[in-house]
Amino acid sequence: MTRAVAYVLTHHPCVAQTFIGREIDELTRRGWWVVPFALNRPSTAELQHPGAAEAAATTRYIKDVGPWRALGAALDAARRSPLGMARLTWQAARSGGTDLRRVLWRLLQLGEACVVWQRCRRDGVHHLHAHFAQATATVARFAAAIGTTCGATPWSCCLDEHLPDARALVAHTAFIQWTHQFIDRG
């Protein structure tokens, strides 16, 4: 059985994040099936770089599905677990605090997470990876709450905001020469 993992990214391919492309290539070389999801499409300039068009062709662009398909994915998740989705929707809204714009943003991220969850479920992918503790980590976290597992590489200092219930975090730092430091959160 092939090991599979979905990468949730802001943009892919992205010249500023070529290390992610190399990581995906190496995992693929080692027999993993890596499914890249990106919130946004790369710019035309990004697609001019070697290998970028090929990477873009295998990437699933979340915002391309549109609001109706995202709503359909959310309804699919709610149909499978009405109480669980209600709880997750409440948690997503609460994570926005009292800022109405932020609450709306989190609910939109939940819709994106439903798209990721539905596609992973269809493809038999049970593990998600978000490289940065930003919007992608929130989307991966919500998708994991619906029904996959989630890992993230922390980048910013807001881990408790984006990944309060992550099972494990892996930190890559220059201080440890790109050696993985495992932080067990319980």
# chains A, B, ... in the order shown; residues from 1 in each chain; ligands from 1
call {"tool": "residues_around", "arguments": {"residues": "Tyr61 (chain A)", "least_positions_apart": "4", "cutoff": "9 Å", "atoms": "only C-alpha atoms", "output": "PDB file with N, CA, C and O atoms, in the first residue's frame"}}
result
ATOM      1  N   HIS A  11       0.483  28.782  -1.747  1.00  0.00           N
ATOM      2  CA  HIS A  11       0.696  28.815  -3.200  1.00  0.00           C
ATOM      3  C   HIS A  11       1.579  27.622  -3.548  1.00  0.00           C
ATOM      4  O   HIS A  11       2.447  27.257  -2.763  1.00  0.00           O
ATOM      5  N   HIS A  12       1.374  27.068  -4.716  1.00  0.00           N
ATOM      6  CA  HIS A  12       2.275  25.998  -5.163  1.00  0.00           C
ATOM      7  C   HIS A  12       2.157  25.870  -6.662  1.00  0.00           C
ATOM      8  O   HIS A  12       1.038  25.817  -7.169  1.00  0.00           O
ATOM      9  N   PRO A  36      -0.559  17.735  -3.410  1.00  0.00           N
ATOM     10  CA  PRO A  36      -0.486  19.145  -3.000  1.00  0.00           C
ATOM     11  C   PRO A  36      -1.831  19.849  -3.178  1.00  0.00           C
ATOM     12  O   PRO A  36      -2.465  19.747  -4.223  1.00  0.00           O
ATOM     13  N   PHE A  37      -2.254  20.538  -2.130  1.00  0.00           N
ATOM     14  CA  PHE A  37      -3.403  21.437  -2.174  1.00  0.00           C
ATOM     15  C   PHE A  37      -2.855  22.839  -1.968  1.00  0.00           C
ATOM     16  O   PHE A  37      -2.014  23.049  -1.083  1.00  0.00           O
ATOM     17  N   ALA A  38      -3.318  23.789  -2.738  1.00  0.00           N
ATOM     18  CA  ALA A  38      -2.899  25.177  -2.548  1.00  0.00           C
ATOM     19  C   ALA A  38      -4.139  26.054  -2.455  1.00  0.00           C
ATOM     20  O   ALA A  38      -5.107  25.854  -3.195  1.00  0.00           O
ATOM     21  N   LEU A  39      -4.082  27.004  -1.536  1.00  0.00           N
ATOM     22  CA  LEU A  39      -5.199  27.933  -1.419  1.00  0.00           C
ATOM     23  C   LEU A  39      -5.294  28.797  -2.669  1.00  0.00           C
ATOM     24  O   LEU A  39      -6.381  29.103  -3.142  1.00  0.00           O
ATOM     25  N   ASN A  40      -4.135  29.193  -3.206  1.00  0.00           N
ATOM     26  CA  ASN A  40      -4.088  30.130  -4.333  1.00  0.00           C
ATOM     27  C   ASN A  40      -3.225  29.582  -5.462  1.00  0.00           C
ATOM     28  O   ASN A  40      -2.262  28.856  -5.218  1.00  0.00           O
ATOM     29  N   ARG A  41      -3.539  29.999  -6.677  1.00  0.00           N
ATOM     30  CA  ARG A  41      -2.731  29.639  -7.843  1.00  0.00           C
ATOM     31  C   ARG A  41      -1.449  30.478  -7.855  1.00  0.00           C
ATOM     32  O   ARG A  41      -1.437  31.591  -7.354  1.00  0.00           O
ATOM     33  N   ALA A  56       2.307  22.536 -10.989  1.00  0.00           N
ATOM     34  CA  ALA A  56       0.975  23.155 -10.993  1.00  0.00           C
ATOM     35  C   ALA A  56      -0.077  22.183 -11.529  1.00  0.00           C
ATOM     36  O   ALA A  56      -1.220  22.176 -11.060  1.00  0.00           O
ATOM     37  N   VAL A  65     -12.542  25.702  -6.720  1.00  0.00           N
ATOM     38  CA  VAL A  65     -13.781  24.917  -6.704  1.00  0.00           C
ATOM     39  C   VAL A  65     -15.007  25.807  -6.611  1.00  0.00           C
ATOM     40  O   VAL A  65     -16.097  25.389  -6.990  1.00  0.00           O
TER      41      VAL A  65
END
call {"tool": "residues_around", "arguments": {"residues": "Leu108 (chain A)", "least_positions_apart": "6", "cutoff": "12 Å", "atoms": "only C-alpha atoms", "output": "list of chain:residue names"}}
result
A:Leu39, A:Ile62, A:Lys63, A:Gly66, A:Pro67, A:Ala70, A:Leu71, A:Ala74, A:Thr89, A:Ala92, A:Ala93, A:Gly96, A:Arg101, A:Arg102, A:Cys114, A:Val115, A:Ala135, A:Thr138, A:Val139, A:Phe142
call {"tool": "write_last_selection", "arguments": {"atoms": "C-alpha atoms", "output": "PDB file, in the first residue's frame"}}
result
ATOM      1  CA  LEU A  39      -5.199  27.933  -1.419  1.00  0.00           C
ATOM      2  CA  ILE A  62      -8.859  24.953  -3.281  1.00  0.00           C
ATOM      3  CA  LYS A  63     -10.328  28.326  -4.220  1.00  0.00           C
ATOM      4  CA  GLY A  66     -15.976  27.928  -5.989  1.00  0.00           C
ATOM      5  CA  PRO A  67     -18.413  28.609  -3.174  1.00  0.00           C
ATOM      6  CA  ALA A  70     -17.342  24.234  -1.000  1.00  0.00           C
ATOM      7  CA  LEU A  71     -20.874  24.428   0.392  1.00  0.00           C
ATOM      8  CA  ALA A  74     -19.565  21.203   3.964  1.00  0.00           C
ATOM      9  CA  THR A  89     -18.473  25.260  13.000  1.00  0.00           C
ATOM     10  CA  ALA A  92     -14.257  27.850  14.004  1.00  0.00           C
ATOM     11  CA  ALA A  93     -16.493  30.845  14.676  1.00  0.00           C
ATOM     12  CA  GLY A  96     -12.319  34.364  15.419  1.00  0.00           C
ATOM     13  CA  ARG A 101     -14.264  39.867   9.948  1.00  0.00           C
ATOM     14  CA  ARG A 102     -12.024  37.276  11.573  1.00  0.00           C
ATOM     15  CA  CYS A 114     -14.302  20.752   3.825  1.00  0.00           C
ATOM     16  CA  VAL A 115     -13.047  20.797   0.223  1.00  0.00           C
ATOM     17  CA  ALA A 135      -3.974  29.926   7.241  1.00  0.00           C
ATOM     18  CA  THR A 138      -5.966  26.350  10.199  1.00  0.00           C
ATOM     19  CA  VAL A 139      -7.409  24.728   7.057  1.00  0.00           C
ATOM     20  CA  PHE A 142     -10.253  21.935  10.467  1.00  0.00           C
TER      21      PHE A 142
END
call {"tool": "atom_distance", "arguments": {"atom1": "CA of Leu27 (chain A)", "atom2": "CA of Ala130 (chain A)"}}
result
15.0 Å
call {"tool": "closest_residue", "arguments": {"among": "A:Trp117, A:Trp90, A:Trp105, A:Tyr7", "to": "Asp76 (chain A)", "atoms": "only C-alpha atoms"}}
result
A:Trp117
call {"tool": "atom_distance", "arguments": {"atom1": "CA of Thr59 (chain A)", "atom2": "CA of Arg79 (chain A)"}}
result
27.4 Å
call {"tool": "atom_distance", "arguments": {"atom1": "CA of Ala53 (chain A)", "atom2": "CA of Cys14 (chain A)"}}
result
11.0 Å
call {"tool": "select_by_dssp", "arguments": {"residues": "region 38-150 of chain A", "states": "strand (DSSP E or B)", "output": "list in words"}}
result
Ala38, Leu39, Asn40, Arg60, Tyr61, His127, Leu128, His129, Ala130, Thr149 and Cys150 of chain A
call {"tool": "write_last_selection", "arguments": {"atoms": "N, CA and C atoms", "output": "PDB file, in the first residue's frame"}}
result
ATOM      1  N   ALA A  38      -3.318  23.789  -2.738  1.00  0.00           N
ATOM      2  CA  ALA A  38      -2.899  25.177  -2.548  1.00  0.00           C
ATOM      3  C   ALA A  38      -4.139  26.054  -2.455  1.00  0.00           C
ATOM      4  N   LEU A  39      -4.082  27.004  -1.536  1.00  0.00           N
ATOM      5  CA  LEU A  39      -5.199  27.933  -1.419  1.00  0.00           C
ATOM      6  C   LEU A  39      -5.294  28.797  -2.669  1.00  0.00           C
ATOM      7  N   ASN A  40      -4.135  29.193  -3.206  1.00  0.00           N
ATOM      8  CA  ASN A  40      -4.088  30.130  -4.333  1.00  0.00           C
ATOM      9  C   ASN A  40      -3.225  29.582  -5.462  1.00  0.00           C
ATOM     10  N   ARG A  60      -3.960  20.681  -6.499  1.00  0.00           N
ATOM     11  CA  ARG A  60      -5.404  20.941  -6.423  1.00  0.00           C
ATOM     12  C   ARG A  60      -5.584  22.322  -5.789  1.00  0.00           C
ATOM     13  N   TYR A  61      -6.171  23.217  -6.524  1.00  0.00           N
ATOM     14  CA  TYR A  61      -6.335  24.594  -6.067  1.00  0.00           C
ATOM     15  C   TYR A  61      -7.696  24.749  -5.405  1.00  0.00           C
ATOM     16  N   HIS A 127      -3.613  11.637   5.821  1.00  0.00           N
ATOM     17  CA  HIS A 127      -2.671  12.492   6.548  1.00  0.00           C
ATOM     18  C   HIS A 127      -2.522  13.820   5.837  1.00  0.00           C
ATOM     19  N   LEU A 128      -2.532  14.891   6.614  1.00  0.00           N
ATOM     20  CA  LEU A 128      -2.370  16.246   6.091  1.00  0.00           C
ATOM     21  C   LEU A 128      -1.106  16.866   6.682  1.00  0.00           C
ATOM     22  N   HIS A 129      -0.477  17.709   5.897  1.00  0.00           N
ATOM     23  CA  HIS A 129       0.706  18.414   6.370  1.00  0.00           C
ATOM     24  C   HIS A 129       0.593  19.870   5.947  1.00  0.00           C
ATOM     25  N   ALA A 130       0.781  20.773   6.889  1.00  0.00           N
ATOM     26  CA  ALA A 130       0.839  22.214   6.607  1.00  0.00           C
ATOM     27  C   ALA A 130       2.217  22.690   7.014  1.00  0.00           C
ATOM     28  N   THR A 149      -5.823  12.995   9.775  1.00  0.00           N
ATOM     29  CA  THR A 149      -4.842  13.395  10.777  1.00  0.00           C
ATOM     30  C   THR A 149      -4.060  14.577  10.238  1.00  0.00           C
ATOM     31  N   CYS A 150      -3.422  15.294  11.117  1.00  0.00           N
ATOM     32  CA  CYS A 150      -2.795  16.548  10.721  1.00  0.00           C
ATOM     33  C   CYS A 150      -1.433  16.705  11.366  1.00  0.00           C
TER      34      CYS A 150
END
call {"tool": "closest_residue", "arguments": {"among": "A:His49, A:Arg141, A:Arg22, A:Arg3", "to": "Leu88 (chain A)", "atoms": "only C-alpha atoms"}}
result
A:Arg141
call {"tool": "select_by_dssp", "arguments": {"residues": "region 61-162 of chain A", "states": "alpha helix (DSSP H)", "output": "VMD selection string"}}
result
chain A and resid 66 to 80 82 to 94 100 to 123 135 to 147 159 to 162
call {"tool": "closest_residue", "arguments": {"among": "A:Ala4, A:Leu100, A:Ala140, A:Leu75", "to": "Gly31 (chain A)", "atoms": "only C-alpha atoms"}}
result
A:Ala4
call {"tool": "decode", "arguments": {"residues": "region 66-149 of chain A", "atoms": "C-alpha atoms", "output": "PDB file, in the first residue's frame"}}
result
ATOM      1  CA  GLY A  66     -15.976  27.928  -5.989  1.00  0.00           C
ATOM      2  CA  PRO A  67     -18.413  28.609  -3.174  1.00  0.00           C
ATOM      3  CA  TRP A  68     -21.120  26.157  -4.282  1.00  0.00           C
ATOM      4  CA  ARG A  69     -18.812  23.140  -4.341  1.00  0.00           C
ATOM      5  CA  ALA A  70     -17.342  24.234  -1.000  1.00  0.00           C
ATOM      6  CA  LEU A  71     -20.874  24.428   0.392  1.00  0.00           C
ATOM      7  CA  GLY A  72     -21.554  20.971  -1.062  1.00  0.00           C
ATOM      8  CA  ALA A  73     -18.435  19.613   0.676  1.00  0.00           C
ATOM      9  CA  ALA A  74     -19.565  21.203   3.964  1.00  0.00           C
ATOM     10  CA  LEU A  75     -23.015  19.642   3.588  1.00  0.00           C
ATOM     11  CA  ASP A  76     -21.378  16.273   2.849  1.00  0.00           C
ATOM     12  CA  ALA A  77     -19.365  16.570   6.069  1.00  0.00           C
ATOM     13  CA  ALA A  78     -22.477  17.642   8.003  1.00  0.00           C
ATOM     14  CA  ARG A  79     -24.462  14.722   6.596  1.00  0.00           C
ATOM     15  CA  ARG A  80     -21.797  12.276   7.805  1.00  0.00           C
ATOM     16  CA  SER A  81     -21.520  13.835  11.265  1.00  0.00           C
ATOM     17  CA  PRO A  82     -24.153  16.488  12.007  1.00  0.00           C
ATOM     18  CA  LEU A  83     -23.172  17.037  15.624  1.00  0.00           C
ATOM     19  CA  GLY A  84     -19.444  16.957  14.866  1.00  0.00           C
ATOM     20  CA  MET A  85     -19.788  19.539  12.083  1.00  0.00           C
ATOM     21  CA  ALA A  86     -21.991  21.728  14.266  1.00  0.00           C
ATOM     22  CA  ARG A  87     -19.334  21.625  17.003  1.00  0.00           C
ATOM     23  CA  LEU A  88     -16.549  22.343  14.519  1.00  0.00           C
ATOM     24  CA  THR A  89     -18.473  25.260  13.000  1.00  0.00           C
ATOM     25  CA  TRP A  90     -18.969  26.673  16.490  1.00  0.00           C
ATOM     26  CA  GLN A  91     -15.259  26.228  17.288  1.00  0.00           C
ATOM     27  CA  ALA A  92     -14.257  27.850  14.004  1.00  0.00           C
ATOM     28  CA  ALA A  93     -16.493  30.845  14.676  1.00  0.00           C
ATOM     29  CA  ARG A  94     -15.299  31.150  18.285  1.00  0.00           C
ATOM     30  CA  SER A  95     -11.657  31.043  17.162  1.00  0.00           C
ATOM     31  CA  GLY A  96     -12.319  34.364  15.419  1.00  0.00           C
ATOM     32  CA  GLY A  97     -12.953  36.028  18.764  1.00  0.00           C
ATOM     33  CA  THR A  98     -15.101  39.153  18.746  1.00  0.00           C
ATOM     34  CA  ASP A  99     -13.818  40.446  15.409  1.00  0.00           C
ATOM     35  CA  LEU A 100     -16.645  39.769  12.924  1.00  0.00           C
ATOM     36  CA  ARG A 101     -14.264  39.867   9.948  1.00  0.00           C
ATOM     37  CA  ARG A 102     -12.024  37.276  11.573  1.00  0.00           C
ATOM     38  CA  VAL A 103     -15.030  35.072  12.417  1.00  0.00           C
ATOM     39  CA  LEU A 104     -16.100  35.190   8.767  1.00  0.00           C
ATOM     40  CA  TRP A 105     -12.538  34.398   7.674  1.00  0.00           C
ATOM     41  CA  ARG A 106     -12.452  31.321   9.927  1.00  0.00           C
ATOM     42  CA  LEU A 107     -15.780  30.109   8.562  1.00  0.00           C
ATOM     43  CA  LEU A 108     -14.427  30.510   5.017  1.00  0.00           C
ATOM     44  CA  GLN A 109     -11.356  28.513   6.068  1.00  0.00           C
ATOM     45  CA  LEU A 110     -13.709  25.838   7.376  1.00  0.00           C
ATOM     46  CA  GLY A 111     -15.323  25.733   3.932  1.00  0.00           C
ATOM     47  CA  GLU A 112     -11.847  25.311   2.383  1.00  0.00           C
ATOM     48  CA  ALA A 113     -11.136  22.556   4.895  1.00  0.00           C
ATOM     49  CA  CYS A 114     -14.302  20.752   3.825  1.00  0.00           C
ATOM     50  CA  VAL A 115     -13.047  20.797   0.223  1.00  0.00           C
ATOM     51  CA  VAL A 116      -9.692  19.329   1.323  1.00  0.00           C
ATOM     52  CA  TRP A 117     -11.401  16.731   3.534  1.00  0.00           C
ATOM     53  CA  GLN A 118     -13.800  15.629   0.800  1.00  0.00           C
ATOM     54  CA  ARG A 119     -11.052  15.249  -1.797  1.00  0.00           C
ATOM     55  CA  CYS A 120      -8.758  13.407   0.641  1.00  0.00           C
ATOM     56  CA  ARG A 121     -11.609  11.100   1.605  1.00  0.00           C
ATOM     57  CA  ARG A 122     -12.342  10.367  -2.049  1.00  0.00           C
ATOM     58  CA  ASP A 123      -8.651   9.707  -2.803  1.00  0.00           C
ATOM     59  CA  GLY A 124      -7.932   7.676   0.351  1.00  0.00           C
ATOM     60  CA  VAL A 125      -5.487  10.217   1.824  1.00  0.00           C
ATOM     61  CA  HIS A 126      -5.549  10.175   5.637  1.00  0.00           C
ATOM     62  CA  HIS A 127      -2.671  12.492   6.548  1.00  0.00           C
ATOM     63  CA  LEU A 128      -2.370  16.246   6.091  1.00  0.00           C
ATOM     64  CA  HIS A 129       0.706  18.414   6.370  1.00  0.00           C
ATOM     65  CA  ALA A 130       0.839  22.214   6.607  1.00  0.00           C
ATOM     66  CA  HIS A 131       4.287  23.710   6.373  1.00  0.00           C
ATOM     67  CA  PHE A 132       3.560  27.018   8.050  1.00  0.00           C
ATOM     68  CA  ALA A 133       1.443  27.792  11.100  1.00  0.00           C
ATOM     69  CA  GLN A 134      -0.737  30.225   9.221  1.00  0.00           C
ATOM     70  CA  ALA A 135      -3.974  29.926   7.241  1.00  0.00           C
ATOM     71  CA  THR A 136      -2.875  26.587   5.795  1.00  0.00           C
ATOM     72  CA  ALA A 137      -2.479  25.161   9.287  1.00  0.00           C
ATOM     73  CA  THR A 138      -5.966  26.350  10.199  1.00  0.00           C
ATOM     74  CA  VAL A 139      -7.409  24.728   7.057  1.00  0.00           C
ATOM     75  CA  ALA A 140      -5.489  21.504   7.767  1.00  0.00           C
ATOM     76  CA  ARG A 141      -6.596  21.563  11.404  1.00  0.00           C
ATOM     77  CA  PHE A 142     -10.253  21.935  10.467  1.00  0.00           C
ATOM     78  CA  ALA A 143      -9.961  19.196   7.816  1.00  0.00           C
ATOM     79  CA  ALA A 144      -8.306  16.953  10.404  1.00  0.00           C
ATOM     80  CA  ALA A 145     -11.172  17.594  12.804  1.00  0.00           C
ATOM     81  CA  ILE A 146     -13.584  16.434  10.114  1.00  0.00           C
ATOM     82  CA  GLY A 147     -11.751  13.174   9.600  1.00  0.00           C
ATOM     83  CA  THR A 148      -8.033  13.040   8.776  1.00  0.00           C
ATOM     84  CA  THR A 149      -4.842  13.395  10.777  1.00  0.00           C
TER      85      THR A 149
END
